[in-house]
$ cat coords_38.txt   # compact mmCIF, C-alpha atoms
# COMPACT_ATOMS: atom_id res chain seq x y z
CA MET A 1 93.37 104.81 97.94
CA ASN A 2 95.15 103.32 100.94
CA SER A 3 97.44 100.33 100.65
CA ASP A 4 94.84 97.83 101.90
CA ASP A 5 92.28 98.99 99.33
CA ARG A 6 94.90 98.88 96.64
CA ARG A 7 95.89 95.37 97.57
CA ALA A 8 92.26 94.21 97.74
CA ARG A 9 91.58 95.63 94.28
CA PHE A 10 94.74 94.04 92.92
CA GLU A 11 93.83 90.67 94.36
CA ALA A 12 90.36 90.92 92.86
CA LEU A 13 91.66 91.75 89.38
CA ALA A 14 94.87 89.73 89.28
CA PRO A 15 93.61 86.12 88.97
CA ALA A 16 91.85 86.80 85.67
CA VAL A 17 94.82 88.74 84.33
CA LEU A 18 97.18 86.05 85.55
CA ASP A 19 95.25 83.37 83.68
CA ALA A 20 95.07 85.38 80.46
CA VAL A 21 98.73 86.40 80.54
CA ARG A 22 99.77 82.84 81.33
CA ARG A 23 97.96 81.65 78.21
CA TYR A 24 99.49 84.45 76.20
CA LEU A 25 102.95 83.35 77.31
CA VAL A 26 102.41 79.60 76.89
CA ARG A 27 101.44 80.31 73.28
CA ARG A 28 104.71 82.07 72.62
CA THR A 29 107.48 80.56 74.66
CA ASP A 30 108.62 77.57 76.66
CA ALA A 31 107.08 76.84 80.04
CA ALA A 32 110.03 77.98 82.16
CA THR A 33 110.29 81.34 80.42
CA ALA A 34 106.51 81.66 80.64
CA ASP A 35 106.69 81.19 84.42
CA ASP A 36 109.46 83.77 84.80
CA VAL A 37 107.79 86.34 82.61
CA LEU A 38 104.44 85.76 84.29
CA SER A 39 105.94 86.62 87.69
CA GLU A 40 107.62 89.67 86.24
CA THR A 41 104.43 90.84 84.56
CA LEU A 42 102.51 90.48 87.82
CA LEU A 43 105.12 92.55 89.64
CA ILE A 44 104.79 95.31 87.07
CA LEU A 45 101.01 95.12 87.24
CA TRP A 46 101.22 95.54 91.02
CA ARG A 47 103.77 98.35 90.93
CA ARG A 48 101.89 100.25 88.25
CA PHE A 49 98.43 99.28 89.38
CA ASP A 50 97.31 102.90 89.56
CA GLU A 51 98.01 103.29 85.85
CA VAL A 52 96.14 100.20 84.70
CA PRO A 53 93.38 101.29 82.32
CA ALA A 54 89.81 99.94 82.36
CA GLU A 55 90.70 97.70 79.43
CA HIS A 56 93.31 95.99 81.51
CA LEU A 57 93.96 92.82 79.49
CA PRO A 58 95.50 94.47 76.42
CA TRP A 59 97.61 96.57 78.78
CA ALA A 60 98.76 93.45 80.61
CA TYR A 61 99.51 91.69 77.30
CA GLY A 62 101.57 94.69 76.29
CA VAL A 63 103.58 94.45 79.52
CA ALA A 64 104.03 90.70 79.07
CA ARG A 65 105.10 91.24 75.47
CA ASN A 66 107.85 93.63 76.54
CA CYS A 67 108.96 91.38 79.38
CA LEU A 68 109.06 88.41 77.03
CA ALA A 69 111.08 90.35 74.47
CA ASN A 70 113.54 91.29 77.24
CA ALA A 71 113.71 87.72 78.47
CA GLU A 72 114.39 86.42 74.99
CA ARG A 73 117.06 89.01 74.37
CA ALA A 74 118.70 88.02 77.63
CA ARG A 75 118.38 84.38 76.71
CA ARG A 76 120.06 84.90 73.39
CA ARG A 77 122.91 86.55 75.23
CA GLN A 78 123.15 83.80 77.77
CA ALA A 79 123.38 80.61 75.79
CA ARG A 80 124.20 78.70 78.92
CA LEU A 81 120.93 79.69 80.57
CA ALA A 82 118.99 78.80 77.45
CA ALA A 83 120.56 75.37 77.50
CA ARG A 84 119.53 74.90 81.11
CA ILE A 85 115.93 75.93 80.42
CA ALA A 86 115.76 73.70 77.37
CA PHE A 87 117.01 70.84 79.48
CA LEU A 88 114.52 71.43 82.28
CA ARG A 89 111.43 72.16 80.26
CA PRO A 90 110.84 71.25 76.63
CA ALA A 91 109.38 73.87 74.32
CA PRO A 92 105.63 73.62 73.64
CA PRO A 93 104.67 71.14 70.92
CA PRO A 94 104.07 72.62 67.48
CA PRO A 95 100.43 73.19 66.51
CA ALA A 96 98.60 70.05 65.37
CA ASP A 97 97.47 71.79 62.18
CA ASP A 98 100.68 71.45 60.20
CA ARG A 99 99.43 73.35 57.17
CA LEU A 100 98.37 76.26 59.32
CA GLY A 101 101.70 76.07 61.14
CA ILE A 102 103.60 76.20 57.84
CA ALA A 103 101.41 79.05 56.58
CA MET A 104 101.94 81.03 59.82
CA ALA A 105 105.67 80.39 59.60
CA GLY A 106 105.60 81.84 56.10
CA LEU A 107 104.26 85.16 57.37
CA ARG A 108 106.31 88.05 58.64
CA GLY A 109 106.63 88.01 62.42
CA GLU A 110 104.41 91.03 62.97
CA ASP A 111 101.64 89.64 60.76
CA ALA A 112 101.70 86.33 62.61
CA GLU A 113 101.62 88.12 65.96
CA ILE A 114 98.63 90.27 64.98
CA LEU A 115 96.77 87.12 63.93
CA ARG A 116 97.60 85.39 67.21
CA LEU A 117 96.34 88.39 69.18
CA TRP A 118 93.17 88.36 67.11
CA ALA A 119 92.45 84.63 67.17
CA TRP A 120 94.04 83.40 70.39
CA GLU A 121 93.75 86.41 72.69
CA ASP A 122 90.44 87.24 71.06
CA LEU A 123 91.28 90.92 70.73
CA ALA A 124 89.52 93.45 68.52
CA PRO A 125 91.64 96.04 66.68
CA GLY A 126 91.36 98.39 69.69
CA GLY A 127 92.93 95.79 71.98
CA ILE A 128 95.56 94.83 69.40
CA ALA A 129 96.45 98.51 69.08
CA ALA A 130 96.90 98.76 72.87
CA VAL A 131 99.18 95.70 73.00
CA LEU A 132 101.37 96.81 70.10
CA GLY A 133 101.34 100.51 70.94
CA VAL A 134 99.97 101.58 67.56
CA SER A 135 96.82 103.44 66.53
CA VAL A 136 93.53 101.56 66.24
CA ASN A 137 93.41 102.46 62.57
CA ALA A 138 96.85 101.02 61.95
CA ALA A 139 95.94 97.86 63.86
CA SER A 140 92.77 97.42 61.75
CA ILE A 141 94.67 97.79 58.51
CA ARG A 142 97.48 95.46 59.59
CA LEU A 143 95.01 92.85 60.81
CA HIS A 144 93.13 92.96 57.53
CA ARG A 145 96.32 92.55 55.53
CA ALA A 146 97.61 89.80 57.81
CA LYS A 147 94.42 87.80 57.27
CA GLN A 148 94.78 88.17 53.51
CA ARG A 149 98.40 87.06 53.64
CA LEU A 150 97.52 84.04 55.80
CA ARG A 151 94.80 83.05 53.33
CA ALA A 152 97.28 83.40 50.49
CA GLU A 153 99.84 81.25 52.36
CA LEU A 154 97.19 78.60 53.01
CA ARG A 155 96.18 78.59 49.36
CA LYS A 156 99.81 78.31 48.36
CA ASN A 157 100.07 75.20 50.53
CA GLY A 158 96.91 73.72 49.01
CA ALA A 159 94.88 73.91 52.20
CA GLY A 160 92.33 76.58 51.45
CA ALA A 161 88.61 76.92 51.95
CA GLY A 162 87.95 73.25 51.43
CA HIS A 163 89.69 72.37 54.65
CA ALA A 164 87.23 70.79 57.06
CA GLU A 165 87.90 69.95 60.65
CA SER A 166 85.71 69.39 63.68
CA THR A 167 85.44 72.28 66.09
CA GLU A 168 86.07 70.11 69.10
CA GLY A 169 88.64 71.44 71.48
CA ARG A 170 87.81 75.03 70.75
CA ARG A 171 88.76 77.39 73.42
CA PRO A 172 85.61 78.78 75.03
CA MET B 1 87.52 81.29 53.79
CA THR B 2 85.69 83.84 55.92
CA ASP B 3 87.22 85.64 58.86
CA ASP B 4 85.30 83.39 61.22
CA ASP B 5 86.57 80.24 59.49
CA LEU B 6 90.09 81.54 59.65
CA ARG B 7 89.78 82.41 63.32
CA ASP B 8 88.21 79.04 64.14
CA ARG B 9 90.99 77.27 62.38
CA MET B 10 93.62 79.22 64.26
CA ARG B 11 91.84 78.58 67.55
CA ARG B 12 91.92 74.87 66.99
CA ALA B 13 95.70 75.20 66.80
CA ASP B 14 95.88 77.25 70.01
CA PRO B 15 98.71 75.76 72.12
CA ALA B 16 96.99 77.05 75.26
CA ALA B 17 93.59 75.54 74.45
CA ALA B 18 94.18 72.52 76.64
CA LEU B 19 96.07 74.43 79.31
CA ALA B 20 94.71 73.60 82.74
CA PRO B 21 94.18 76.60 84.97
CA LEU B 22 96.68 77.08 87.78
CA PRO B 23 95.56 75.52 91.06
CA PRO B 24 94.05 78.16 93.38
CA ASP B 25 96.79 77.71 95.97
CA ARG B 26 99.44 78.38 93.33
CA VAL B 27 97.57 81.53 92.23
CA ALA B 28 97.30 82.65 95.86
CA ARG B 29 101.02 82.06 96.41
CA LEU B 30 101.96 83.96 93.26
CA LEU B 31 99.84 86.93 94.29
CA GLU B 32 101.16 86.84 97.83
CA GLU B 33 104.73 86.79 96.55
CA THR B 34 103.97 89.68 94.24
CA VAL B 35 102.52 92.00 96.85
CA SER B 36 104.86 91.05 99.69
CA VAL B 37 108.21 90.60 97.99
CA THR B 38 107.92 93.79 95.99
CA ALA B 39 109.25 96.99 97.42
CA PRO B 40 106.49 99.41 98.40
CA PRO B 41 104.85 100.49 95.16
CA THR B 42 105.51 103.92 93.80
CA ARG B 43 103.18 106.01 91.76
CA ARG B 44 105.71 106.56 89.04
CA ARG B 45 108.85 104.70 88.24
CA VAL B 46 110.63 108.00 87.80
CA LEU B 47 110.40 108.41 91.57
CA LEU B 48 112.76 105.50 92.18
CA PRO B 49 115.99 107.30 91.27
CA VAL B 50 114.71 110.35 93.14
CA LEU B 51 114.06 108.20 96.20
CA ALA B 52 117.50 106.69 95.92
CA ALA B 53 119.03 110.15 95.66
CA ALA B 54 116.94 111.33 98.60
CA ALA B 55 118.07 108.36 100.68
CA VAL B 56 121.69 109.16 99.91
CA LEU B 57 121.10 112.79 100.80
CA LEU B 58 119.36 111.82 104.03
CA LEU B 59 122.25 109.58 105.01
CA ALA B 60 124.71 112.28 104.07
CA GLY B 61 122.61 114.77 106.02
CA ALA B 62 122.51 112.54 109.09
CA GLY B 63 126.27 112.09 108.93
CA TRP B 64 126.71 115.77 108.44
CA LEU B 65 124.55 116.57 111.47
CA ILE B 66 126.84 114.44 113.59
CA LEU B 67 130.08 115.63 112.08
CA ARG B 68 129.00 119.11 111.14
CA PRO B 69 131.52 121.92 111.28
CA SER B 70 131.44 124.57 113.98
CA PRO B 71 128.58 127.09 113.78
CA THR B 72 130.94 129.73 112.42
CA ALA B 73 130.77 128.08 109.01
CA THR B 74 127.09 128.84 108.51
CA ASN B 75 125.30 130.80 105.89
CA LEU B 76 122.39 131.70 108.12
CA MET B 77 121.51 135.29 107.46
CA ILE B 78 120.26 136.96 110.58
CA ALA B 79 119.79 140.66 111.07
CA TYR B 80 119.98 141.43 114.72
CA PRO B 81 117.88 144.21 116.23
CA SER B 82 120.99 146.28 116.57
CA ALA B 83 122.46 145.12 113.30
CA SER B 84 125.30 147.20 112.01
CA ALA B 85 127.10 147.19 108.71
CA ALA B 86 129.94 145.41 110.42
CA ALA B 87 127.73 142.42 111.19
CA PRO B 88 126.10 141.44 107.94
CA PRO B 89 123.26 138.95 108.27
CA ARG B 90 123.89 135.34 107.53
CA HIS B 91 121.83 133.15 105.22
CA LEU B 92 119.81 130.10 106.23
CA THR B 93 119.66 127.35 103.64
CA ALA B 94 117.07 124.63 103.36
CA PRO B 95 118.10 121.14 102.33
CA ALA B 96 116.82 120.58 98.83
CA GLU B 97 116.04 117.39 96.91
CA GLN B 98 114.32 115.68 99.80
CA ARG B 99 110.89 115.67 98.24
CA SER B 100 110.38 111.98 98.57
CA ALA B 101 112.22 111.41 101.78
CA LYS B 102 110.36 109.68 104.55
CA CYS B 103 110.97 110.99 108.00
CA ARG B 104 110.76 109.66 111.51
CA PRO B 105 108.05 111.35 113.57
CA PRO B 106 109.51 114.50 115.10
CA GLU B 107 110.49 114.38 118.76
CA ALA B 108 110.87 117.40 121.00
CA SER B 109 113.99 115.95 122.60
CA ARG B 110 115.71 115.67 119.22
CA LEU B 111 114.74 119.23 118.43
CA THR B 112 116.19 120.33 121.76
CA THR B 113 119.49 118.61 121.18
CA THR B 114 119.84 119.42 117.48
CA ALA B 115 118.62 122.97 116.92
CA ASP B 116 120.95 125.86 117.58
CA PHE B 117 118.51 128.46 116.33
CA ALA B 118 114.72 128.42 116.34
CA PHE B 119 112.22 131.17 115.77
CA ALA B 120 108.71 132.08 114.75
CA GLY B 121 108.39 134.51 111.87
CA THR B 122 106.22 135.84 109.11
CA VAL B 123 107.27 135.93 105.47
CA THR B 124 107.58 139.50 104.29
CA GLY B 125 109.12 138.92 100.91
CA ILE B 126 110.51 136.41 98.40
CA ASP B 127 112.98 137.68 95.87
CA ALA B 128 113.71 136.54 92.34
CA ARG B 129 116.45 134.21 93.58
CA HIS B 130 113.91 132.49 95.85
CA VAL B 131 115.40 133.93 98.98
CA VAL B 132 112.67 134.30 101.58
CA THR B 133 112.72 137.12 104.11
CA LEU B 134 111.04 136.42 107.42
CA SER B 135 110.25 138.99 110.05
CA VAL B 136 110.96 137.35 113.39
CA THR B 137 108.18 137.42 115.97
CA LYS B 138 109.74 135.18 118.59
CA VAL B 139 113.12 133.53 119.06
CA TYR B 140 112.95 130.18 120.82
CA ARG B 141 116.64 129.51 120.79
CA GLY B 142 119.68 131.48 119.76
CA ASP B 143 120.49 135.16 119.68
CA PRO B 144 117.67 137.67 119.28
CA ALA B 145 117.04 138.52 115.64
CA SER B 146 114.65 140.74 113.74
CA GLN B 147 114.95 139.26 110.28
CA VAL B 148 116.06 135.97 108.79
CA LEU B 149 116.66 135.03 105.18
CA VAL B 150 115.93 131.46 104.09
CA ASP B 151 116.17 129.74 100.72
CA GLN B 152 112.88 128.66 99.21
CA THR B 153 113.06 124.95 98.40
CA GLY B 154 111.03 123.06 95.81
CA ASP B 155 107.39 123.65 95.02
CA SER B 156 106.10 121.05 97.38
CA SER B 157 107.77 118.57 99.60
CA GLU B 158 107.86 116.85 102.89
CA THR B 159 110.66 119.09 103.94
CA MET B 160 108.38 121.75 105.38
CA MET B 161 105.30 121.05 107.37
CA GLY B 162 102.11 122.53 105.95
CA SER B 163 102.04 123.52 102.30
CA GLY B 164 105.73 122.69 101.94
CA ARG B 165 106.80 126.14 100.77
CA PHE B 166 107.07 129.69 101.98
CA GLU B 167 104.31 132.09 101.07
CA ILE B 168 104.20 135.79 101.71
CA GLY B 169 102.13 136.73 104.74
CA LYS B 170 102.15 133.27 106.31
CA SER B 171 103.74 132.53 109.65
CA TYR B 172 106.30 129.80 110.15
CA LEU B 173 108.19 128.06 112.88
CA ILE B 174 111.74 127.42 111.74
CA ALA B 175 114.49 125.55 113.49
CA SER B 176 118.00 125.29 112.15
CA ALA B 177 121.28 123.68 112.98
CA ALA B 178 124.52 125.21 111.78
CA GLY B 179 122.73 127.37 109.27
CA THR B 180 120.55 124.74 107.67
CA VAL B 181 116.83 124.47 108.25
CA LEU B 182 115.79 121.33 110.11
CA ILE B 183 113.20 119.51 108.10
CA CYS B 184 111.20 116.34 108.62
CA GLY B 185 108.58 117.84 110.85
CA TYR B 186 110.80 120.30 112.70
CA SER B 187 110.00 123.36 110.59
CA GLY B 188 106.90 124.53 108.81
CA GLU B 189 103.79 126.63 108.88
CA ALA B 190 103.06 127.86 112.37
CA GLY B 191 99.51 126.56 112.10
CA THR B 192 100.60 122.97 111.40
CA PRO B 193 98.95 120.82 114.05
CA GLY B 194 101.39 119.86 116.75
CA LEU B 195 104.29 122.01 115.55
CA LEU B 196 103.79 124.80 118.09
CA ASP B 197 103.41 122.21 120.87
CA LEU B 198 106.66 120.64 119.71
CA TYR B 199 108.46 123.98 119.98
CA GLU B 200 106.97 124.79 123.37
CA GLU B 201 108.06 121.40 124.64
CA ALA B 202 111.52 121.54 123.12
CA PHE B 203 112.51 125.05 124.13
$ encode --input "coords_38.txt" --output "structure tokens"
Amino acid sequence: MNSDDRRARFEALAPAVLDAVRRYLVRRTDAATADDVLSETLLILWRRFDEVPAEHLPWAYGVARNCLANAERARRRQARLAARIAFLRPAPPPPADDRLGIAMAGLRGEDAEILRLWAWEDLAPGGIAAVLGVSVNAASIRLHRAKQRLRAELRKNGAGAGHAESTEGRRP
Amino acid sequence: MTDDDLRDRMRRADPAAALAPLPPDRVARLLEETVSVTAPPTRRRVLLPVLAAAAVLLLAGAGWLILRPSPTATNLMIAYPSASAAAPPRHLTAPAEQRSAKCRPPEASRLTTTADFAFAGTVTGIDARHVVTLSVTKVYRGDPASQVLVDQTGDSSETMMGSGRFEIGKSYLIASAAGTVLICGYSGEAGTPGLLDLYEEAF
């Protein structure tokens, strides 16, 4: 593959990945960090384009996840930078569904993340496994348990199966 | 609550649900920045430190070529036709660790000015310490010699034209300066396109 071919293939694939990764990041961090990590993820996608598997989205989410973790570690170290970002761009608003938000907050971090990957990134256990770097079997089991724990949290908060809301605003 | 209900409920709380897509010009700029600002991509990240090391070696090598010591300090191993025990052959080394180095296209004039020894030869043996013995068929520059010993370098590299390594029975054109093989298109398999022409022009 010569460099022009490589670039053409990258430019064909990248817009869809860019959109998906941008959503992934907006769901998990403030807008400024999302922008930074998005650029970084794109760079890695370009540098390692020859390694990108056919199922490229979970791979790209995995890269973004690592970049975000690095960015947040760096941010914790650099309180001054965090203050600047917070000043420039406010964090995303909390979810409108308070009971769900409280229930999600009651879960362990890894359970909540698996549920986000499942519901928001629309990933099956195979994709979740690729993002988290675990086996498909482990991802299936963890997803199943995370759903049960979320249901239990919702029941605990008195917002169980009876909860009814319109489906307007659903992500296509 | 079924799985679908649970997922629907989570999706309604998706912070990115109302996220407008990036304008096409912003996407185009991001992609342009990515492919143009980035250093040339490498197949594996592990190559980066190797490239850095190779660059340092190349710079050191270039400096050394300019400031190299007198030819008496060589380890070129040449057995002259009338070799006697009093004149043990010297040993020719090949610069190692240049696998990823990028080279300027070879020029006959540079070969003329740089090489102090150049010959055509056929590999007759490679010993356990990777020392290659070449039987000389023609000397382009330097004293007549019948046999030259050269260190085998890595398995494959840009250092030697052709397959990148010495193989028994194959013929090579080798140029050296102060006991070190000249690489980057100046030495290699005799059948490498253009290499013989380069030698004929240079010497």
$ residues_around --input "coords_38.txt" --residues "Arg129 of chain B" --least-positions-apart "3" --cutoff "10 Å" --atoms "all atoms listed in the file" --output "JSON, numbers by chain"
{"B": [126, 132, 151, 152]}
$ closest_residue --input "coords_38.txt" --among "A:Thr33, A:Ser39, A:Ser140, A:Ser135" --to "chain B" --atoms "all atoms listed in the file"
A:Ser39
$ atom_distance --input "coords_38.txt" --atom1 "atom CA of Glu33 of chain B" --atom2 "atom CA of Ala52 of chain B"
23.7 Å
$ interface_residues --input "coords_38.txt" --of "chain B" --to "chain A" --cutoff "8 Å" --atoms "all atoms listed in the file" --output "ChimeraX atom specification"
/B:1,3,6-8,10-19,21-22,27,30-31,34-35,38,41-44
$ residues_around --input "coords_38.txt" --residues "Arg142 of chain A" --least-positions-apart "4" --cutoff "9 Å" --atoms "all atoms listed in the file" --output "PDB file with C-alpha atoms, keeping the file's coordinate frame"
ATOM      1  CA  GLU A 110     104.410  91.030  62.970  1.00  0.00           C
ATOM      2  CA  ASP A 111     101.640  89.640  60.760  1.00  0.00           C
ATOM      3  CA  ILE A 114      98.630  90.270  64.980  1.00  0.00           C
ATOM      4  CA  ASN A 137      93.410 102.460  62.570  1.00  0.00           C
ATOM      5  CA  ALA A 138      96.850 101.020  61.950  1.00  0.00           C
ATOM      6  CA  ALA A 146      97.610  89.800  57.810  1.00  0.00           C
ATOM      7  CA  LYS A 147      94.420  87.800  57.270  1.00  0.00           C
TER       8      LYS A 147
END
$ residues_around --input "coords_38.txt" --residues "segment 56-67 of chain A" --least-positions-apart "4" --cutoff "7 Å" --atoms "all atoms listed in the file" --output "JSON list (two decimals) with C-alpha atoms, in the coordinates of the input"
[["chain", "number", "residue", "atom", "x", "y", "z"],
["A", 17, "VAL", "CA", 94.82, 88.74, 84.33],
["A", 21, "VAL", "CA", 98.73, 86.40, 80.54],
["A", 37, "VAL", "CA", 107.79, 86.34, 82.61],
["A", 41, "THR", "CA", 104.43, 90.84, 84.56],
["A", 52, "VAL", "CA", 96.14, 100.20, 84.70],
["A", 71, "ALA", "CA", 113.71, 87.72, 78.47],
["A", 127, "GLY", "CA", 92.93, 95.79, 71.98],
["A", 130, "ALA", "CA", 96.90, 98.76, 72.87],
["A", 131, "VAL", "CA", 99.18, 95.70, 73.00],
["A", 132, "LEU", "CA", 101.37, 96.81, 70.10]]
